[in-house]
$ cat upload_9.pdb   # PDB, C-alpha atoms and all ligand atoms
ATOM      1  CA  MET A 236     101.001  44.084  74.628
ATOM      2  CA  SER A 237     100.126  46.814  77.158
ATOM      3  CA  SER A 238     102.893  49.156  78.226
ATOM      4  CA  ASN A 239     103.380  52.098  80.567
ATOM      5  CA  PHE A 240     105.747  53.638  78.072
ATOM      6  CA  ASN A 241     105.537  57.458  78.114
ATOM      7  CA  LEU A 242     105.994  58.453  74.489
ATOM      8  CA  ASP A 243     105.682  62.219  75.045
ATOM      9  CA  SER A 244     108.547  62.383  77.507
ATOM     10  CA  TYR A 245     110.602  59.896  75.435
ATOM     11  CA  LEU A 246     110.225  62.027  72.294
ATOM     12  CA  GLN A 247     110.917  65.231  74.212
ATOM     13  CA  GLU A 248     114.118  63.881  75.779
ATOM     14  CA  ARG A 249     115.373  62.432  72.521
ATOM     15  CA  GLN A 250     114.529  65.616  70.595
ATOM     16  CA  GLN A 251     116.535  67.654  73.106
ATOM     17  CA  GLU A 252     119.555  65.364  72.765
ATOM     18  CA  VAL A 253     119.342  65.566  68.978
ATOM     19  CA  GLU A 254     118.956  69.382  68.992
ATOM     20  CA  ILE A 255     122.115  69.727  71.087
ATOM     21  CA  ALA A 256     124.118  67.372  68.859
ATOM     22  CA  LEU A 257     122.914  69.088  65.667
ATOM     23  CA  ASP A 258     123.654  72.520  67.111
ATOM     24  CA  GLN A 259     127.217  71.429  67.896
ATOM     25  CA  SER A 260     127.708  69.743  64.524
ATOM     26  CA  ILE A 261     128.051  72.853  62.346
ATOM     27  CA  GLU A 262     129.765  76.100  63.331
ATOM     28  CA  VAL A 263     129.620  79.288  61.338
ATOM     29  CA  ILE A 264     133.011  80.080  59.814
ATOM     30  CA  TYR A 265     134.118  81.754  56.570
ATOM     31  CA  PRO A 266     132.284  81.836  54.122
ATOM     32  CA  GLU A 267     129.581  82.507  56.724
ATOM     33  CA  LYS A 268     126.643  82.648  54.312
ATOM     34  CA  ILE A 269     126.707  78.951  53.456
ATOM     35  CA  TYR A 270     127.049  77.799  57.069
ATOM     36  CA  GLU A 271     124.242  80.161  58.124
ATOM     37  CA  SER A 272     122.017  78.830  55.346
ATOM     38  CA  MET A 273     122.752  75.196  56.347
ATOM     39  CA  ARG A 274     122.008  75.968  59.995
ATOM     40  CA  TYR A 275     118.879  77.971  59.118
ATOM     41  CA  SER A 276     117.117  74.863  57.768
ATOM     42  CA  LEU A 277     118.793  72.276  60.008
ATOM     43  CA  MET A 278     117.886  74.097  63.231
ATOM     44  CA  ALA A 279     114.358  75.111  62.128
ATOM     45  CA  GLY A 280     112.679  72.461  64.255
ATOM     46  CA  GLY A 281     110.979  69.421  62.837
ATOM     47  CA  LYS A 282     109.979  66.273  64.648
ATOM     48  CA  ARG A 283     113.467  64.699  64.401
ATOM     49  CA  LEU A 284     111.776  61.378  63.690
ATOM     50  CA  ARG A 285     114.639  59.912  61.654
ATOM     51  CA  PRO A 286     117.368  60.507  64.273
ATOM     52  CA  ILE A 287     115.037  59.278  67.011
ATOM     53  CA  LEU A 288     114.365  56.047  65.101
ATOM     54  CA  CYS A 289     118.110  55.504  64.716
ATOM     55  CA  LEU A 290     118.754  56.085  68.431
ATOM     56  CA  ALA A 291     115.812  53.859  69.407
ATOM     57  CA  THR A 292     116.859  50.841  67.321
ATOM     58  CA  CYS A 293     120.455  51.144  68.446
ATOM     59  CA  GLU A 294     119.277  51.151  72.064
ATOM     60  CA  LEU A 295     116.886  48.243  71.425
ATOM     61  CA  LEU A 296     119.845  46.088  70.387
ATOM     62  CA  GLY A 297     122.052  47.137  73.290
ATOM     63  CA  GLY A 298     123.982  50.006  71.671
ATOM     64  CA  THR A 299     124.576  53.427  73.254
ATOM     65  CA  THR A 300     123.381  56.885  72.267
ATOM     66  CA  ALA A 301     127.018  57.901  71.778
ATOM     67  CA  ILE A 302     127.621  55.421  68.955
ATOM     68  CA  ALA A 303     124.361  56.286  67.149
ATOM     69  CA  MET A 304     124.355  60.090  67.492
ATOM     70  CA  PRO A 305     126.683  60.977  64.573
ATOM     71  CA  THR A 306     124.534  58.846  62.229
ATOM     72  CA  ALA A 307     121.351  60.268  63.790
ATOM     73  CA  CYS A 308     122.634  63.772  62.925
ATOM     74  CA  ALA A 309     123.589  62.619  59.428
ATOM     75  CA  LEU A 310     120.039  61.340  58.848
ATOM     76  CA  GLU A 311     118.580  64.695  59.855
ATOM     77  CA  MET A 312     121.073  66.500  57.575
ATOM     78  CA  ILE A 313     120.046  64.316  54.629
ATOM     79  CA  HIS A 314     116.351  64.784  55.401
ATOM     80  CA  THR A 315     116.815  68.565  55.711
ATOM     81  CA  MET A 316     118.738  68.817  52.444
ATOM     82  CA  SER A 317     115.961  66.899  50.676
ATOM     83  CA  LEU A 318     113.416  69.378  52.063
ATOM     84  CA  ILE A 319     115.516  72.366  50.895
ATOM     85  CA  HIS A 320     115.765  70.937  47.380
ATOM     86  CA  ASP A 321     112.127  69.783  47.341
ATOM     87  CA  ASP A 322     110.991  73.341  48.128
ATOM     88  CA  LEU A 323     112.935  74.926  45.239
ATOM     89  CA  PRO A 324     110.955  76.579  42.419
ATOM     90  CA  CYS A 325     112.161  73.895  39.964
ATOM     91  CA  MET A 326     110.733  71.165  42.249
ATOM     92  CA  ASP A 327     107.690  71.624  44.520
ATOM     93  CA  ASN A 328     108.060  75.421  44.726
ATOM     94  CA  ASP A 329     107.068  76.144  48.298
ATOM     95  CA  ASP A 330     107.442  79.318  50.362
ATOM     96  CA  PHE A 331     107.140  77.825  53.853
ATOM     97  CA  ARG A 332     108.744  74.915  55.662
ATOM     98  CA  ARG A 333     108.806  74.100  59.348
ATOM     99  CA  GLY A 334     106.836  77.306  59.964
ATOM    100  CA  LYS A 335     109.476  79.537  58.388
ATOM    101  CA  PRO A 336     110.185  80.932  54.904
ATOM    102  CA  THR A 337     111.950  78.290  52.815
ATOM    103  CA  ASN A 338     115.733  78.371  52.449
ATOM    104  CA  HIS A 339     115.717  79.835  48.927
ATOM    105  CA  LYS A 340     113.297  82.593  50.029
ATOM    106  CA  VAL A 341     115.853  83.742  52.586
ATOM    107  CA  TYR A 342     119.205  82.974  50.936
ATOM    108  CA  GLY A 343     118.327  82.782  47.223
ATOM    109  CA  GLU A 344     118.141  79.713  44.975
ATOM    110  CA  ASP A 345     121.878  79.515  44.360
ATOM    111  CA  ILE A 346     122.775  79.319  48.043
ATOM    112  CA  ALA A 347     119.825  76.995  48.797
ATOM    113  CA  VAL A 348     121.085  74.466  46.219
ATOM    114  CA  LEU A 349     124.578  74.704  47.681
ATOM    115  CA  ALA A 350     123.337  74.445  51.293
ATOM    116  CA  GLY A 351     121.594  71.186  50.326
ATOM    117  CA  ASP A 352     124.747  69.888  48.626
ATOM    118  CA  ALA A 353     126.913  70.831  51.602
ATOM    119  CA  LEU A 354     124.555  69.198  54.115
ATOM    120  CA  LEU A 355     124.559  66.005  52.059
ATOM    121  CA  ALA A 356     128.348  65.882  51.878
ATOM    122  CA  TYR A 357     128.724  66.708  55.558
ATOM    123  CA  ALA A 358     126.219  63.986  56.507
ATOM    124  CA  PHE A 359     128.653  61.330  55.288
ATOM    125  CA  GLU A 360     131.542  62.980  57.104
ATOM    126  CA  MET A 361     129.414  62.890  60.280
ATOM    127  CA  VAL A 362     129.012  59.107  60.033
ATOM    128  CA  THR A 363     132.792  58.733  59.988
ATOM    129  CA  LYS A 364     132.914  60.444  63.416
ATOM    130  CA  THR A 365     131.190  57.387  64.981
ATOM    131  CA  PRO A 366     133.135  56.325  68.095
ATOM    132  CA  GLU A 367     133.987  52.749  69.187
ATOM    133  CA  VAL A 368     132.179  50.870  66.391
ATOM    134  CA  PRO A 369     134.269  48.538  64.151
ATOM    135  CA  ALA A 370     134.964  50.187  60.761
ATOM    136  CA  PRO A 371     133.100  47.553  58.643
ATOM    137  CA  ARG A 372     129.856  48.382  60.450
ATOM    138  CA  VAL A 373     130.386  52.123  59.868
ATOM    139  CA  LEU A 374     131.024  51.377  56.200
ATOM    140  CA  GLN A 375     127.785  49.379  56.071
ATOM    141  CA  VAL A 376     125.928  52.433  57.412
ATOM    142  CA  VAL A 377     127.571  54.678  54.787
ATOM    143  CA  THR A 378     126.410  52.261  52.061
ATOM    144  CA  LYS A 379     122.877  52.091  53.462
ATOM    145  CA  LEU A 380     122.606  55.904  53.552
ATOM    146  CA  ALA A 381     124.047  56.298  50.049
ATOM    147  CA  GLN A 382     121.524  53.796  48.659
ATOM    148  CA  ALA A 383     118.660  55.562  50.442
ATOM    149  CA  VAL A 384     119.658  58.963  49.020
ATOM    150  CA  GLY A 385     120.494  58.166  45.390
ATOM    151  CA  ALA A 386     118.608  57.023  42.290
ATOM    152  CA  ALA A 387     117.600  53.828  44.120
ATOM    153  CA  GLY A 388     116.003  55.946  46.881
ATOM    154  CA  LEU A 389     114.972  59.583  47.411
ATOM    155  CA  VAL A 390     116.182  60.841  44.045
ATOM    156  CA  GLY A 391     114.414  58.029  42.132
ATOM    157  CA  GLY A 392     111.182  58.651  44.048
ATOM    158  CA  GLN A 393     111.360  62.373  43.372
ATOM    159  CA  VAL A 394     111.874  61.775  39.623
ATOM    160  CA  VAL A 395     108.754  59.600  39.359
ATOM    161  CA  ASP A 396     106.860  62.135  41.497
ATOM    162  CA  LEU A 397     107.815  64.970  39.112
ATOM    163  CA  GLU A 398     106.883  62.863  36.073
ATOM    164  CA  SER A 399     103.494  61.946  37.576
ATOM    165  CA  GLU A 400     102.398  65.469  38.486
ATOM    166  CA  GLY A 401      99.173  66.546  36.764
ATOM    167  CA  LYS A 402      98.617  63.088  35.234
ATOM    168  CA  PRO A 403      95.075  61.802  35.837
ATOM    169  CA  ASP A 404      95.962  58.099  35.496
ATOM    170  CA  VAL A 405      98.646  57.529  38.157
ATOM    171  CA  THR A 406      98.273  53.947  39.397
ATOM    172  CA  GLU A 407      98.527  52.696  42.966
ATOM    173  CA  ALA A 408     101.755  50.890  41.983
ATOM    174  CA  THR A 409     103.332  54.157  40.786
ATOM    175  CA  LEU A 410     102.158  56.035  43.881
ATOM    176  CA  THR A 411     103.634  53.335  46.093
ATOM    177  CA  PHE A 412     106.911  53.455  44.130
ATOM    178  CA  ILE A 413     107.093  57.224  44.726
ATOM    179  CA  HIS A 414     106.508  56.955  48.440
ATOM    180  CA  THR A 415     108.565  53.879  49.234
ATOM    181  CA  HIS A 416     111.466  55.758  47.614
ATOM    182  CA  LYS A 417     110.847  59.411  48.573
ATOM    183  CA  THR A 418     109.804  58.754  52.159
ATOM    184  CA  GLY A 419     110.233  55.063  52.969
ATOM    185  CA  ALA A 420     113.878  54.647  51.987
ATOM    186  CA  LEU A 421     115.261  57.164  54.479
ATOM    187  CA  LEU A 422     112.973  55.984  57.286
ATOM    188  CA  GLU A 423     114.167  52.423  56.650
ATOM    189  CA  ALA A 424     117.794  53.577  56.607
ATOM    190  CA  SER A 425     117.152  55.370  59.926
ATOM    191  CA  VAL A 426     115.901  52.201  61.596
ATOM    192  CA  LEU A 427     118.517  49.907  60.044
ATOM    193  CA  SER A 428     121.535  52.151  60.597
ATOM    194  CA  GLY A 429     120.900  52.199  64.354
ATOM    195  CA  ALA A 430     120.607  48.415  64.271
ATOM    196  CA  ILE A 431     123.780  47.957  62.196
ATOM    197  CA  LEU A 432     125.809  50.138  64.580
ATOM    198  CA  ALA A 433     124.628  48.010  67.504
ATOM    199  CA  GLY A 434     125.726  44.837  65.684
ATOM    200  CA  ALA A 435     122.334  43.444  64.627
ATOM    201  CA  GLU A 436     121.999  39.865  63.391
ATOM    202  CA  PRO A 437     120.548  39.355  59.870
ATOM    203  CA  GLU A 438     117.185  38.208  61.279
ATOM    204  CA  ASP A 439     116.953  41.374  63.441
ATOM    205  CA  LEU A 440     117.642  43.467  60.338
ATOM    206  CA  ALA A 441     114.954  41.656  58.325
ATOM    207  CA  ARG A 442     112.378  42.147  61.099
ATOM    208  CA  LEU A 443     113.308  45.820  61.547
ATOM    209  CA  ALA A 444     113.207  46.390  57.767
ATOM    210  CA  ARG A 445     109.599  45.126  57.734
ATOM    211  CA  TYR A 446     108.795  47.384  60.721
ATOM    212  CA  ALA A 447     110.290  50.358  58.861
ATOM    213  CA  GLN A 448     108.549  49.614  55.547
ATOM    214  CA  ASN A 449     105.190  49.481  57.304
ATOM    215  CA  ILE A 450     105.691  52.735  59.226
ATOM    216  CA  GLY A 451     107.138  54.375  56.091
ATOM    217  CA  LEU A 452     103.994  53.765  54.079
ATOM    218  CA  ALA A 453     101.744  54.649  57.027
ATOM    219  CA  PHE A 454     103.715  57.882  57.475
ATOM    220  CA  GLN A 455     103.130  58.893  53.865
ATOM    221  CA  ILE A 456      99.422  58.021  53.920
ATOM    222  CA  VAL A 457      99.043  60.223  57.012
ATOM    223  CA  ASP A 458     101.071  62.957  55.272
ATOM    224  CA  ASP A 459      98.596  62.857  52.368
ATOM    225  CA  ILE A 460      95.629  62.953  54.768
ATOM    226  CA  LEU A 461      97.095  65.897  56.707
ATOM    227  CA  ASP A 462      97.668  67.815  53.477
ATOM    228  CA  ILE A 463      93.867  67.799  53.137
ATOM    229  CA  THR A 464      92.712  68.046  56.751
ATOM    230  CA  ALA A 465      95.350  70.154  58.584
ATOM    231  CA  THR A 466      95.970  73.907  58.499
ATOM    232  CA  GLN A 467      99.119  75.714  57.355
ATOM    233  CA  GLU A 468      99.786  76.619  61.024
ATOM    234  CA  GLN A 469      99.670  72.951  62.049
ATOM    235  CA  LEU A 470     101.790  71.786  59.116
ATOM    236  CA  GLY A 471     104.309  74.638  59.081
ATOM    237  CA  LYS A 472     104.052  74.533  55.263
ATOM    238  CA  THR A 473     101.419  75.317  52.664
ATOM    239  CA  ALA A 474      98.363  73.085  53.130
ATOM    240  CA  GLY A 475      96.289  71.693  50.244
ATOM    241  CA  LYS A 476      99.353  71.562  47.987
ATOM    242  CA  ASP A 477      98.591  68.088  46.561
ATOM    243  CA  LEU A 478      95.135  69.003  45.294
ATOM    244  CA  GLN A 479      96.433  72.278  43.881
ATOM    245  CA  ALA A 480      99.283  70.515  42.025
ATOM    246  CA  GLN A 481      96.880  67.750  40.900
ATOM    247  CA  LYS A 482      98.986  65.135  42.620
ATOM    248  CA  ALA A 483      97.823  61.570  43.014
ATOM    249  CA  THR A 484      97.602  60.737  46.726
ATOM    250  CA  TYR A 485      96.278  57.833  48.777
ATOM    251  CA  PRO A 486      93.098  59.750  49.725
ATOM    252  CA  SER A 487      92.546  60.598  46.040
ATOM    253  CA  LEU A 488      92.766  56.872  45.178
ATOM    254  CA  TRP A 489      90.992  55.327  48.174
ATOM    255  CA  GLY A 490      89.142  58.171  49.963
ATOM    256  CA  LEU A 491      89.971  59.590  53.419
ATOM    257  CA  GLU A 492      88.337  56.913  55.575
ATOM    258  CA  ALA A 493      89.886  53.950  53.766
ATOM    259  CA  SER A 494      93.267  55.740  53.839
ATOM    260  CA  ARG A 495      93.002  56.123  57.624
ATOM    261  CA  HIS A 496      92.168  52.437  58.027
ATOM    262  CA  LYS A 497      95.072  51.397  55.820
ATOM    263  CA  ALA A 498      97.506  53.553  57.815
ATOM    264  CA  GLU A 499      96.228  52.074  61.083
ATOM    265  CA  SER A 500      96.579  48.493  59.861
ATOM    266  CA  LEU A 501     100.140  49.182  58.659
ATOM    267  CA  VAL A 502     100.994  50.536  62.116
ATOM    268  CA  ILE A 503      99.629  47.374  63.753
ATOM    269  CA  SER A 504     101.713  45.216  61.385
ATOM    270  CA  ALA A 505     104.791  47.311  62.275
ATOM    271  CA  GLN A 506     104.111  46.937  66.001
ATOM    272  CA  ASN A 507     103.727  43.160  65.622
ATOM    273  CA  GLU A 508     107.210  42.937  64.092
ATOM    274  CA  VAL A 509     108.669  44.307  67.338
ATOM    275  CA  LEU A 510     106.703  42.020  69.672
ATOM    276  CA  PRO A 511     109.523  39.448  70.064
ATOM    277  CA  TRP A 512     111.582  42.100  71.888
ATOM    278  CA  GLY A 513     108.918  42.426  74.595
ATOM    279  CA  GLU A 514     109.160  45.503  76.805
ATOM    280  CA  LYS A 515     112.466  46.501  75.163
ATOM    281  CA  GLY A 516     110.497  47.152  71.953
ATOM    282  CA  ALA A 517     108.099  49.588  73.684
ATOM    283  CA  ALA A 518     109.733  52.713  72.188
ATOM    284  CA  LEU A 519     109.532  51.430  68.600
ATOM    285  CA  ARG A 520     105.922  50.314  69.106
ATOM    286  CA  ALA A 521     104.969  53.693  70.567
ATOM    287  CA  ILE A 522     106.738  55.568  67.747
ATOM    288  CA  ALA A 523     104.760  53.493  65.217
ATOM    289  CA  GLY A 524     101.537  54.510  66.992
ATOM    290  CA  TYR A 525     102.603  58.151  66.877
ATOM    291  CA  ILE A 526     102.792  57.981  63.062
ATOM    292  CA  THR A 527      98.991  57.813  62.776
ATOM    293  CA  SER A 528      98.111  59.981  65.792
ATOM    294  CA  ARG A 529     100.307  62.947  64.797
ATOM    295  CA  THR A 530      98.716  66.230  63.730
ATOM    296  CA  HIS A 531     101.678  67.667  61.802
TER     297      HIS A 531
HETATM  298  C1  LIG A 601     118.430  63.459  48.198
HETATM  299  C2  LIG A 601     120.274  64.191  46.616
HETATM  300  C3  LIG A 601     118.897  64.335  47.086
HETATM  301  C4  LIG A 601     118.106  65.239  46.526
HETATM  302  C5  LIG A 601     116.723  65.517  46.943
HETATM  303  C6  LIG A 601     113.992  66.712  46.487
HETATM  304  C7  LIG A 601     114.372  65.289  46.614
HETATM  305  C8  LIG A 601     115.690  64.860  46.082
HETATM  306  C9  LIG A 601     113.606  64.386  47.237
HETATM  307  C10 LIG A 601     112.345  64.742  47.920
HETATM  308  C11 LIG A 601     112.278  64.037  49.228
HETATM  309  C12 LIG A 601     111.128  64.514  50.058
HETATM  310  C13 LIG A 601     110.967  65.955  50.312
HETATM  311  C14 LIG A 601     110.293  63.610  50.586
HETATM  312  C15 LIG A 601     109.183  63.950  51.494
HETATM  313  C16 LIG A 601     109.447  63.326  52.820
HETATM  314  C17 LIG A 601     108.523  63.821  53.895
HETATM  315  C18 LIG A 601     107.299  63.037  54.167
HETATM  316  C19 LIG A 601     108.831  64.926  54.572
HETATM  317  C20 LIG A 601     108.152  65.391  55.788
HETATM  318  O1  LIG A 601     108.842  64.791  56.868
HETATM  319  P1  LIG A 601     108.530  65.140  58.373
HETATM  320  O2  LIG A 601     107.032  65.212  58.562
HETATM  321  O3  LIG A 601     109.112  66.608  58.488
HETATM  322  O4  LIG A 601     109.277  64.199  59.233
HETATM  323  P2  LIG A 601     109.812  67.327  59.747
HETATM  324  O5  LIG A 601     109.813  68.802  59.378
HETATM  325  O6  LIG A 601     109.024  67.038  60.990
HETATM  326  O7  LIG A 601     111.204  66.800  59.818
END
$ encode --input "upload_9.pdb" --output "structure tokens" --more "lines below"
Ligand code: GRG
Amino acid sequence: MSSNFNLDSYLQERQQEVEIALDQSIEVIYPEKIYESMRYSLMAGGKRLRPILCLATCELLGGTTAIAMPTACALEMIHTMSLIHDDLPCMDNDDFRRGKPTNHKVYGEDIAVLAGDALLAYAFEMVTKTPEVPAPRVLQVVTKLAQAVGAAGLVGGQVVDLESEGKPDVTEATLTFIHTHKTGALLEASVLSGAILAGAEPEDLARLARYAQNIGLAFQIVDDILDITATQEQLGKTAGKDLQAQKATYPSLWGLEASRHKAESLVISAQNEVLPWGEKGAALRAIAGYITSRTH
């Protein structure tokens, strides 16, 4: 389906809305150090893909930005806390994130752990600030986020990732487990939470879940490719980390070219899921396309 949809201006407008809402979400009060540390990572930029997906699906199903924004902020808080913890010396041990020194490099490991914990807790409080939406739907969003974060989601994926590091025989099934949990779960929760808030029917949720699973895997394949092909300046974090840490990646299993093709075919499958919505689905189709065209 051809479309005149202008993705650049859409992303720019949505990013600005999200930046304002995030900026207003946390003020610095006593004890200042923890709030400053939370804000340091939260306001360090980033593509804001997860909040934008939440806003876009909510809008697709007739909901407003106002009802989705608290959850959109919560998703970015959860994502940011996972980056803070992922960068710690006991995890991936990285010095740069979003073009800046990592949280623990600036505030120390103790405060970085606590900033992650505080962002996670506050994310759930944010969801409860949702206006106008019936409480059972808000509760459904809380459940969806909790499942995406815990042992059935990000945490489980991270555990298998840590266990697999340096092993020469990581299978495709294990790699896919890692990424559907570490990366896919929160992207899926981003898409579905917007839909739930707007009052999606079960068949809408099933279709959007398939859209999200396809872009989630495509996103991670592209992440693996960029780790090899992009510079530290483009990525805002250390490049070539996967090879250095002897991590199994999609390019290491399939090669770069086949990985690119796989990512592109997943994006097409994702876009096809949104076809029944016609022009209303243009934003979600364009965002799926952006997953493979991005350079950072
Ligand atoms: C969730 C309780 C809890 C703990 C954290 C460390 C950990 C458990 C999980 C790791 C999760 C992780 C870092 C996954 C990688 C996800 C990913 C592809 C990040 C990059 O996302 P982008 O490109 O980054 O959207 P920006 O900076 O643009 O937001």
$ resolve_selection --input "upload_9.pdb" --expression "the PyMOL selection byres (((not hetatm)) within 9 of (chain A and resi 601))" --output "PyMOL selection string"
chain A and resi 279-285+311+313-323+326-327+332-333+351-352+355+383-386+388-394+396+414+416-419+421+451+454-455+458-459+470-471+531
$ write_last_selection --input "upload_9.pdb" --atoms "C-alpha atoms" --output "PDB file, keeping the file's coordinate frame"
ATOM      1  CA  ALA A 279     114.358  75.111  62.128  1.00  0.00           C
ATOM      2  CA  GLY A 280     112.679  72.461  64.255  1.00  0.00           C
ATOM      3  CA  GLY A 281     110.979  69.421  62.837  1.00  0.00           C
ATOM      4  CA  LYS A 282     109.979  66.273  64.648  1.00  0.00           C
ATOM      5  CA  ARG A 283     113.467  64.699  64.401  1.00  0.00           C
ATOM      6  CA  LEU A 284     111.776  61.378  63.690  1.00  0.00           C
ATOM      7  CA  ARG A 285     114.639  59.912  61.654  1.00  0.00           C
ATOM      8  CA  GLU A 311     118.580  64.695  59.855  1.00  0.00           C
ATOM      9  CA  ILE A 313     120.046  64.316  54.629  1.00  0.00           C
ATOM     10  CA  HIS A 314     116.351  64.784  55.401  1.00  0.00           C
ATOM     11  CA  THR A 315     116.815  68.565  55.711  1.00  0.00           C
ATOM     12  CA  MET A 316     118.738  68.817  52.444  1.00  0.00           C
ATOM     13  CA  SER A 317     115.961  66.899  50.676  1.00  0.00           C
ATOM     14  CA  LEU A 318     113.416  69.378  52.063  1.00  0.00           C
ATOM     15  CA  ILE A 319     115.516  72.366  50.895  1.00  0.00           C
ATOM     16  CA  HIS A 320     115.765  70.937  47.380  1.00  0.00           C
ATOM     17  CA  ASP A 321     112.127  69.783  47.341  1.00  0.00           C
ATOM     18  CA  ASP A 322     110.991  73.341  48.128  1.00  0.00           C
ATOM     19  CA  LEU A 323     112.935  74.926  45.239  1.00  0.00           C
ATOM     20  CA  MET A 326     110.733  71.165  42.249  1.00  0.00           C
ATOM     21  CA  ASP A 327     107.690  71.624  44.520  1.00  0.00           C
ATOM     22  CA  ARG A 332     108.744  74.915  55.662  1.00  0.00           C
ATOM     23  CA  ARG A 333     108.806  74.100  59.348  1.00  0.00           C
ATOM     24  CA  GLY A 351     121.594  71.186  50.326  1.00  0.00           C
ATOM     25  CA  ASP A 352     124.747  69.888  48.626  1.00  0.00           C
ATOM     26  CA  LEU A 355     124.559  66.005  52.059  1.00  0.00           C
ATOM     27  CA  ALA A 383     118.660  55.562  50.442  1.00  0.00           C
ATOM     28  CA  VAL A 384     119.658  58.963  49.020  1.00  0.00           C
ATOM     29  CA  GLY A 385     120.494  58.166  45.390  1.00  0.00           C
ATOM     30  CA  ALA A 386     118.608  57.023  42.290  1.00  0.00           C
ATOM     31  CA  GLY A 388     116.003  55.946  46.881  1.00  0.00           C
ATOM     32  CA  LEU A 389     114.972  59.583  47.411  1.00  0.00           C
ATOM     33  CA  VAL A 390     116.182  60.841  44.045  1.00  0.00           C
ATOM     34  CA  GLY A 391     114.414  58.029  42.132  1.00  0.00           C
ATOM     35  CA  GLY A 392     111.182  58.651  44.048  1.00  0.00           C
ATOM     36  CA  GLN A 393     111.360  62.373  43.372  1.00  0.00           C
ATOM     37  CA  VAL A 394     111.874  61.775  39.623  1.00  0.00           C
ATOM     38  CA  ASP A 396     106.860  62.135  41.497  1.00  0.00           C
ATOM     39  CA  HIS A 414     106.508  56.955  48.440  1.00  0.00           C
ATOM     40  CA  HIS A 416     111.466  55.758  47.614  1.00  0.00           C
ATOM     41  CA  LYS A 417     110.847  59.411  48.573  1.00  0.00           C
ATOM     42  CA  THR A 418     109.804  58.754  52.159  1.00  0.00           C
ATOM     43  CA  GLY A 419     110.233  55.063  52.969  1.00  0.00           C
ATOM     44  CA  LEU A 421     115.261  57.164  54.479  1.00  0.00           C
ATOM     45  CA  GLY A 451     107.138  54.375  56.091  1.00  0.00           C
ATOM     46  CA  PHE A 454     103.715  57.882  57.475  1.00  0.00           C
ATOM     47  CA  GLN A 455     103.130  58.893  53.865  1.00  0.00           C
ATOM     48  CA  ASP A 458     101.071  62.957  55.272  1.00  0.00           C
ATOM     49  CA  ASP A 459      98.596  62.857  52.368  1.00  0.00           C
ATOM     50  CA  LEU A 470     101.790  71.786  59.116  1.00  0.00           C
ATOM     51  CA  GLY A 471     104.309  74.638  59.081  1.00  0.00           C
ATOM     52  CA  HIS A 531     101.678  67.667  61.802  1.00  0.00           C
TER      53      HIS A 531
END
$ axis_aligned_box --input "upload_9.pdb" --around "stretch 309-316 of chain A" --padding-each-side "6 Å" --output "JSON"
{"center_x": 120.0, "center_y": 65.1, "center_z": 56.1, "size_x": 19.2, "size_y": 19.5, "size_z": 19.4}
$ residues_around --input "upload_9.pdb" --residues "A:Tyr275" --least-positions-apart "4" --cutoff "12 Å" --atoms "all atoms listed in the file" --output "PyMOL selection string"
chain A and resi 257-258+261-263+267-271+279-280+312+315-316+319+332-333+335-342+346-347+350-351+354
$ resolve_selection --input "upload_9.pdb" --expression "the PyMOL selection byres (((chain A and resi 361) around 12) and not hetatm)" --output "PyMOL selection string"
chain A and resi 256-257+259-261+302-313+354-360+362-366+373+376-377+380
$ resolve_selection --input "upload_9.pdb" --expression "the PyMOL selection byres (((chain A and resi 514-526) around 7) and not hetatm)" --output "PDB file with C-alpha atoms, in the coordinates of the input"
ATOM      1  CA  SER A 238     102.893  49.156  78.226  1.00  0.00           C
ATOM      2  CA  PHE A 240     105.747  53.638  78.072  1.00  0.00           C
ATOM      3  CA  LEU A 242     105.994  58.453  74.489  1.00  0.00           C
ATOM      4  CA  ALA A 291     115.812  53.859  69.407  1.00  0.00           C
ATOM      5  CA  LEU A 295     116.886  48.243  71.425  1.00  0.00           C
ATOM      6  CA  ILE A 450     105.691  52.735  59.226  1.00  0.00           C
ATOM      7  CA  ALA A 453     101.744  54.649  57.027  1.00  0.00           C
ATOM      8  CA  PHE A 454     103.715  57.882  57.475  1.00  0.00           C
ATOM      9  CA  VAL A 502     100.994  50.536  62.116  1.00  0.00           C
ATOM     10  CA  ALA A 505     104.791  47.311  62.275  1.00  0.00           C
ATOM     11  CA  GLN A 506     104.111  46.937  66.001  1.00  0.00           C
ATOM     12  CA  VAL A 509     108.669  44.307  67.338  1.00  0.00           C
ATOM     13  CA  LEU A 510     106.703  42.020  69.672  1.00  0.00           C
ATOM     14  CA  TRP A 512     111.582  42.100  71.888  1.00  0.00           C
ATOM     15  CA  GLY A 513     108.918  42.426  74.595  1.00  0.00           C
ATOM     16  CA  THR A 527      98.991  57.813  62.776  1.00  0.00           C
ATOM     17  CA  SER A 528      98.111  59.981  65.792  1.00  0.00           C
ATOM     18  CA  ARG A 529     100.307  62.947  64.797  1.00  0.00           C
TER      19      ARG A 529
END
$ closest_residue --input "upload_9.pdb" --among "A:Asn239, A:Gly475, A:Leu432, A:Tyr446" --to "A:Glu508" --atoms "all atoms listed in the file"
A:Tyr446
$ residues_around --input "upload_9.pdb" --residues "A:Asp462" --least-positions-apart "4" --cutoff "9 Å" --atoms "all atoms listed in the file" --output "list in words"
Val457, Asp458, Thr466, Gln467, Leu470, Thr473, Ala474, Gly475, Lys476, Asp477 and Leu478 of chain A
$ residues_near_point --input "upload_9.pdb" --point "(101.4, 53.3, 45.5)" --cutoff "12 Å" --atoms "only C-alpha atoms" --output "PyMOL selection string"
chain A and resi 392+395-396+399+405-417+419+452-453+455-456+483-489+494
$ atom_distance --input "upload_9.pdb" --atom1 "atom CA of A:Pro369" --atom2 "atom CA of A:Gly434"
9.4 Å
$ closest_residue --input "upload_9.pdb" --among "A:Ile460, A:Glu468, A:Ala447, A:Val426" --to "A:His496" --atoms "all atoms listed in the file"
A:Ile460
